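These notes concern the structure reproduced below.
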Amino acid sequence: MGLLQQVFGNGARHCQVSLPTFDDVQAAAQRLAGVAHRTPVLQSSTLNRQLGAEVFFKCENFQRMGAFKFRGAFNALSQFTPAQRLAGVVTYSSGNHAQAIALSAQILGMPATIVMPHDAAPLKLAATLGYGANVVHYDRYQEDAQAIAQDFCAREGQVFIPPFDHADVLSGQGTAAMELLQDTGPLDSLWVCLGGGGLLSGSLLAAKALSPHCAVFGVEPEAGNDVQQSLAKGERVRIPTPVTIADGAQSPQVGAITFEIIRRHVTAVHTVSDAQLVDCMRWYAERMKWVVEPTGCLSLAALLQAAPALRGQRIGVIISGGNIDSQRLSQLLNS
Ligand SMILES: *Cc1c(COP(=O)(O)O)cnc(C)c1O
């Protein structure tokens with residue numbers, strides 16, 4: 001089955017397969033200019049000394065709404081036609097994509113409906129409501145959020161923007177790695193948090209263009225290694241919703257478009273345990289004075305695991321987000 005057939009069904013049989021490219025990432029960067037923050041690239045001299053390497057952190061925990069997801073959401077919504085803006089946007093998300101869509105819709109003056117799990121982090125729910133979105137709840141272990149969201153679109157004419165498997169979304173996400181590489185110049189390796197693959201596939205487009213010899217690693221939770229399994233099998237594997245503290249990487253299946261880009265360009269996918277994520281959260285909090293959510297710790301956790309092989313390297317680490325409420329943060333740090 002061809003890619004577009006997988007994505008859009010048999011109706012797309014005669015369409016040309018066209019994956020997004022670095023041009024789309026650059027176009028996204030222009031739409032985001034003056035709207036998204038150009039987040040800082042920071043270093044720890046202590047860590048550099050310990051690893052015998054140079055590590056550059058791209059701090060998307062300091063992005064608007066607290067995660068890189070603002071980039072993809074705003075890039076997608078800013079391209080709506082006037083009629084689409086009037087009807088508004090629908091999506092599903094366990095958190096950060098919801099906030100990203102809600103904030104982008106508010107900036108662009110369009111209505112947003114978000115299908116969210118009833119057990120979503122309270123801070124993420126409150127933020128989504130705070131940006132003026134309409135929230136519809138579902139059970140993440142029982143119901144299909146995408147089906148609920150698409151049902152809304154069918155009935156009310158809104159446009160569905162998925163959290164990762166969309167050309168405009170992943171092109172927007174790629175602007176974070178693009179900015180990092182613009183600031184650092186070529187890198188030897190780049191470590192990227194991985195859920196449905198929007199951030200990783202966008203990062204791959206940027207790295208391939210700006211630092212073609214850079215090894216790019218995706219990092220997913222041990223409990224949910226569906227991308228690792230998918231690469232081994234050569235096709236997308238669906239797993240039960242993984243139980244992990246990395247709530248931004250609980251997607252049961254990688255996207256069709258994102259997987260196509262990942263399988264062509266990724267160096268490898270690594271996994272880390274929840275305990276390793278907590279160790280990294282503690283290190284970020286104590287040493288760097290940064291709040292990083294568990295999913296945002298995936299990249300550093302895998303880098304530390306691989307560190308002996310990385311001596312002498314110039315290394316990029318994307319910190320994907322910082323949204324965690326204080327109660328959960330203290331609970332995990334004291335665990
Ligand atoms: C969504 C998210 C991820 C995973 O991104 P994908 O594009 O789904 O792979 C990682 N970290 C954070 C903080 C996120 O919100």
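Residues are named by chain letter and number: chains run A, B, ... in the order of the structure tokens, numbers start at 1 in each chain, and ligands are numbered from 1 in the order shown.
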Item checked: Polymer residues at most 10 Å from A:Ala105, only C-alpha atoms, same-chain spacing of 2 or more positions, as a PyMOL selection string -> chain A and resi 73-74+77-78+85+88-89+99-103+107-113+131-133
Resulting file, chosen residues, C-alpha atoms, as a compact mmCIF listing (two decimals), in the first residue's frame:
# COMPACT_ATOMS: atom_id res chain seq x y z
CA ALA A 73 0.26 24.14 15.58
CA PHE A 74 0.76 27.78 14.62
CA LEU A 77 -3.40 27.14 11.65
CA SER A 78 -1.80 30.22 10.08
CA ARG A 85 -10.73 30.18 10.18
CA GLY A 88 -12.32 26.68 13.46
CA VAL A 89 -10.04 23.79 14.36
CA GLN A 99 -2.44 23.95 24.50
CA ALA A 100 -0.55 24.68 21.30
CA ILE A 101 -3.71 24.56 19.18
CA ALA A 102 -5.68 26.54 21.77
CA LEU A 103 -3.07 29.32 21.96
CA ILE A 107 -3.78 34.38 18.46
CA LEU A 108 -5.42 33.90 15.05
CA GLY A 109 -8.93 34.61 16.37
CA MET A 110 -10.56 31.26 15.51
CA PRO A 111 -12.59 28.78 17.60
CA ALA A 112 -10.88 25.58 18.83
CA THR A 113 -12.35 22.30 20.11
CA TYR A 131 -6.60 29.90 26.11
CA GLY A 132 -10.34 29.88 25.42
CA ALA A 133 -10.73 26.43 23.82
Near ligand 1, 9 Å: chain A residue rows, closest pairs, only C-alpha atoms and all ligand atoms, as JSON lines:
{"residue": "A:Glu60", "atom": "CA", "partner": "ligand 1", "partner_atom_place_in_ligand_line": "13 (C)", "distance": 8.4}
{"residue": "A:Asn61", "atom": "CA", "partner": "ligand 1", "partner_atom_place_in_ligand_line": "13 (C)", "distance": 7.8}
{"residue": "A:Gly66", "atom": "CA", "partner": "ligand 1", "partner_atom_place_in_ligand_line": "13 (C)", "distance": 8.1}
{"residue": "A:Ala67", "atom": "CA", "partner": "ligand 1", "partner_atom_place_in_ligand_line": "13 (C)", "distance": 5.6}
{"residue": "A:Phe68", "atom": "CA", "partner": "ligand 1", "partner_atom_place_in_ligand_line": "15 (O)", "distance": 7.0}
{"residue": "A:Lys69", "atom": "CA", "partner": "ligand 1", "partner_atom_place_in_ligand_line": "15 (O)", "distance": 6.2}
{"residue": "A:Ser93", "atom": "CA", "partner": "ligand 1", "partner_atom_place_in_ligand_line": "1 (C)", "distance": 8.7}
{"residue": "A:Ser94", "atom": "CA", "partner": "ligand 1", "partner_atom_place_in_ligand_line": "15 (O)", "distance": 8.7}
{"residue": "A:Gly95", "atom": "CA", "partner": "ligand 1", "partner_atom_place_in_ligand_line": "15 (O)", "distance": 7.0}
{"residue": "A:Asn96", "atom": "CA", "partner": "ligand 1", "partner_atom_place_in_ligand_line": "15 (O)", "distance": 4.7}
{"residue": "A:His97", "atom": "CA", "partner": "ligand 1", "partner_atom_place_in_ligand_line": "1 (C)", "distance": 6.5}
{"residue": "A:Pro163", "atom": "CA", "partner": "ligand 1", "partner_atom_place_in_ligand_line": "8 (O)", "distance": 6.5}
{"residue": "A:Phe164", "atom": "CA", "partner": "ligand 1", "partner_atom_place_in_ligand_line": "7 (O)", "distance": 5.0}
{"residue": "A:Asp165", "atom": "CA", "partner": "ligand 1", "partner_atom_place_in_ligand_line": "7 (O)", "distance": 8.2}
{"residue": "A:Val169", "atom": "CA", "partner": "ligand 1", "partner_atom_place_in_ligand_line": "7 (O)", "distance": 8.5}
{"residue": "A:Leu170", "atom": "CA", "partner": "ligand 1", "partner_atom_place_in_ligand_line": "7 (O)", "distance": 7.1}
{"residue": "A:Gln173", "atom": "CA", "partner": "ligand 1", "partner_atom_place_in_ligand_line": "7 (O)", "distance": 7.4}
{"residue": "A:Val192", "atom": "CA", "partner": "ligand 1", "partner_atom_place_in_ligand_line": "10 (C)", "distance": 8.2}
{"residue": "A:Cys193", "atom": "CA", "partner": "ligand 1", "partner_atom_place_in_ligand_line": "10 (C)", "distance": 5.0}
{"residue": "A:Leu194", "atom": "CA", "partner": "ligand 1", "partner_atom_place_in_ligand_line": "9 (O)", "distance": 4.0}
{"residue": "A:Gly195", "atom": "CA", "partner": "ligand 1", "partner_atom_place_in_ligand_line": "9 (O)", "distance": 3.4}
{"residue": "A:Gly196", "atom": "CA", "partner": "ligand 1", "partner_atom_place_in_ligand_line": "8 (O)", "distance": 3.7}
{"residue": "A:Gly197", "atom": "CA", "partner": "ligand 1", "partner_atom_place_in_ligand_line": "9 (O)", "distance": 3.4}
{"residue": "A:Gly198", "atom": "CA", "partner": "ligand 1", "partner_atom_place_in_ligand_line": "7 (O)", "distance": 3.2}
{"residue": "A:Leu199", "atom": "CA", "partner": "ligand 1", "partner_atom_place_in_ligand_line": "7 (O)", "distance": 4.0}
{"residue": "A:Leu200", "atom": "CA", "partner": "ligand 1", "partner_atom_place_in_ligand_line": "9 (O)", "distance": 6.0}
{"residue": "A:Ser201", "atom": "CA", "partner": "ligand 1", "partner_atom_place_in_ligand_line": "7 (O)", "distance": 7.9}
{"residue": "A:Gly202", "atom": "CA", "partner": "ligand 1", "partner_atom_place_in_ligand_line": "7 (O)", "distance": 8.5}
{"residue": "A:Gly218", "atom": "CA", "partner": "ligand 1", "partner_atom_place_in_ligand_line": "9 (O)", "distance": 8.7}
{"residue": "A:Glu220", "atom": "CA", "partner": "ligand 1", "partner_atom_place_in_ligand_line": "9 (O)", "distance": 8.6}
{"residue": "A:Ala246", "atom": "CA", "partner": "ligand 1", "partner_atom_place_in_ligand_line": "11 (N)", "distance": 8.0}
{"residue": "A:Asp247", "atom": "CA", "partner": "ligand 1", "partner_atom_place_in_ligand_line": "14 (C)", "distance": 8.0}
{"residue": "A:Gly248", "atom": "CA", "partner": "ligand 1", "partner_atom_place_in_ligand_line": "2 (C)", "distance": 4.4}
{"residue": "A:Ala249", "atom": "CA", "partner": "ligand 1", "partner_atom_place_in_ligand_line": "4 (C)", "distance": 5.2}
{"residue": "A:Gln250", "atom": "CA", "partner": "ligand 1", "partner_atom_place_in_ligand_line": "8 (O)", "distance": 8.5}
{"residue": "A:Ser251", "atom": "CA", "partner": "ligand 1", "partner_atom_place_in_ligand_line": "8 (O)", "distance": 7.2}
{"residue": "A:Val254", "atom": "CA", "partner": "ligand 1", "partner_atom_place_in_ligand_line": "9 (O)", "distance": 7.9}
{"residue": "A:Gly255", "atom": "CA", "partner": "ligand 1", "partner_atom_place_in_ligand_line": "8 (O)", "distance": 8.7}
{"residue": "A:Thr258", "atom": "CA", "partner": "ligand 1", "partner_atom_place_in_ligand_line": "7 (O)", "distance": 8.6}
{"residue": "A:Val292", "atom": "CA", "partner": "ligand 1", "partner_atom_place_in_ligand_line": "13 (C)", "distance": 8.3}
{"residue": "A:Glu293", "atom": "CA", "partner": "ligand 1", "partner_atom_place_in_ligand_line": "13 (C)", "distance": 6.5}
{"residue": "A:Pro294", "atom": "CA", "partner": "ligand 1", "partner_atom_place_in_ligand_line": "13 (C)", "distance": 7.7}
{"residue": "A:Thr295", "atom": "CA", "partner": "ligand 1", "partner_atom_place_in_ligand_line": "11 (N)", "distance": 4.7}
{"residue": "A:Gly296", "atom": "CA", "partner": "ligand 1", "partner_atom_place_in_ligand_line": "13 (C)", "distance": 4.8}
{"residue": "A:Cys297", "atom": "CA", "partner": "ligand 1", "partner_atom_place_in_ligand_line": "11 (N)", "distance": 8.2}
{"residue": "A:Leu298", "atom": "CA", "partner": "ligand 1", "partner_atom_place_in_ligand_line": "11 (N)", "distance": 8.0}
{"residue": "A:Ile319", "atom": "CA", "partner": "ligand 1", "partner_atom_place_in_ligand_line": "13 (C)", "distance": 7.6}
{"residue": "A:Ser320", "atom": "CA", "partner": "ligand 1", "partner_atom_place_in_ligand_line": "13 (C)", "distance": 4.4}
{"residue": "A:Gly321", "atom": "CA", "partner": "ligand 1", "partner_atom_place_in_ligand_line": "13 (C)", "distance": 3.8}
{"residue": "A:Gly322", "atom": "CA", "partner": "ligand 1", "partner_atom_place_in_ligand_line": "13 (C)", "distance": 6.6}
{"residue": "A:Asn323", "atom": "CA", "partner": "ligand 1", "partner_atom_place_in_ligand_line": "13 (C)", "distance": 7.2}
Check: Which one is closest to A:Leu125: A:Val291, A:Ala98, A:Tyr138, A:Phe56? Count only C-alpha atoms.
Finding: A:Ala98
Notebook entry, point to check: Using only C-alpha atoms, which of A:Ile114, A:Leu231, A:Leu333, A:Val25 sits nearest A:Gly172?
Noted result: A:Val25
Next item on the list: Find the residues near stretch 51-55 of chain A: any atom within 6 Å, counting only C-alpha atoms, skip ones fewer than 2 places away on the same chain, and give them as an NGL selection string.
Entry: :A and (48-49 or 311-316)
Notebook entry, point to check: Where does DSSP see alpha helix (DSSP H) in stretch 175-222 of chain A, if you list the residues as number ranges by chain?
Noted result: A: 175-184, 198-210
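All residues of stretch 63-238 of chain A that DSSP, run on the backbone, classes as strand (DSSP E) are Val89, Val90, Thr91, Tyr92, Ala112, Thr113, Ile114, Val115, Met116, Pro117, Asn134, Val135, Val136, His137, Tyr138, Val159, Phe160, Ser189, Leu190, Trp191, Val192, Cys193, Ala215, Val216, Phe217, Gly218, Val219, Glu220 and Pro221 of chain A.
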Next item on the list: Can you pull out every residue within 7 Å of stretch 177-181 of chain A, counting only C-alpha atoms, but drop anything in the same chain fewer than 5 positions away, and send it as number ranges by chain?
Entry: A: 41, 58, 186, 203, 206, 210
Selection from above, N, CA and C atoms, as a PDB file, in the first residue's frame, can you write it?
ATOM      1  N   VAL A  41      19.818  28.423  23.377  1.00  0.00           N
ATOM      2  CA  VAL A  41      20.654  27.217  23.326  1.00  0.00           C
ATOM      3  C   VAL A  41      21.675  27.375  24.450  1.00  0.00           C
ATOM      4  N   LYS A  58      18.754  22.720  23.406  1.00  0.00           N
ATOM      5  CA  LYS A  58      17.758  23.606  22.780  1.00  0.00           C
ATOM      6  C   LYS A  58      16.537  23.601  23.684  1.00  0.00           C
ATOM      7  N   PRO A 186      27.410  22.767  12.443  1.00  0.00           N
ATOM      8  CA  PRO A 186      27.239  21.318  12.346  1.00  0.00           C
ATOM      9  C   PRO A 186      27.503  20.605  13.675  1.00  0.00           C
ATOM     10  N   SER A 203      12.954  17.440  12.733  1.00  0.00           N
ATOM     11  CA  SER A 203      14.377  17.607  13.074  1.00  0.00           C
ATOM     12  C   SER A 203      15.258  16.942  12.030  1.00  0.00           C
ATOM     13  N   ALA A 206      15.629  19.147   9.031  1.00  0.00           N
ATOM     14  CA  ALA A 206      16.550  20.259   9.303  1.00  0.00           C
ATOM     15  C   ALA A 206      17.997  19.760   9.346  1.00  0.00           C
ATOM     16  N   LEU A 210      21.169  20.982   7.136  1.00  0.00           N
ATOM     17  CA  LEU A 210      22.128  21.908   7.761  1.00  0.00           C
ATOM     18  C   LEU A 210      23.358  21.215   8.342  1.00  0.00           C
TER      19      LEU A 210
END
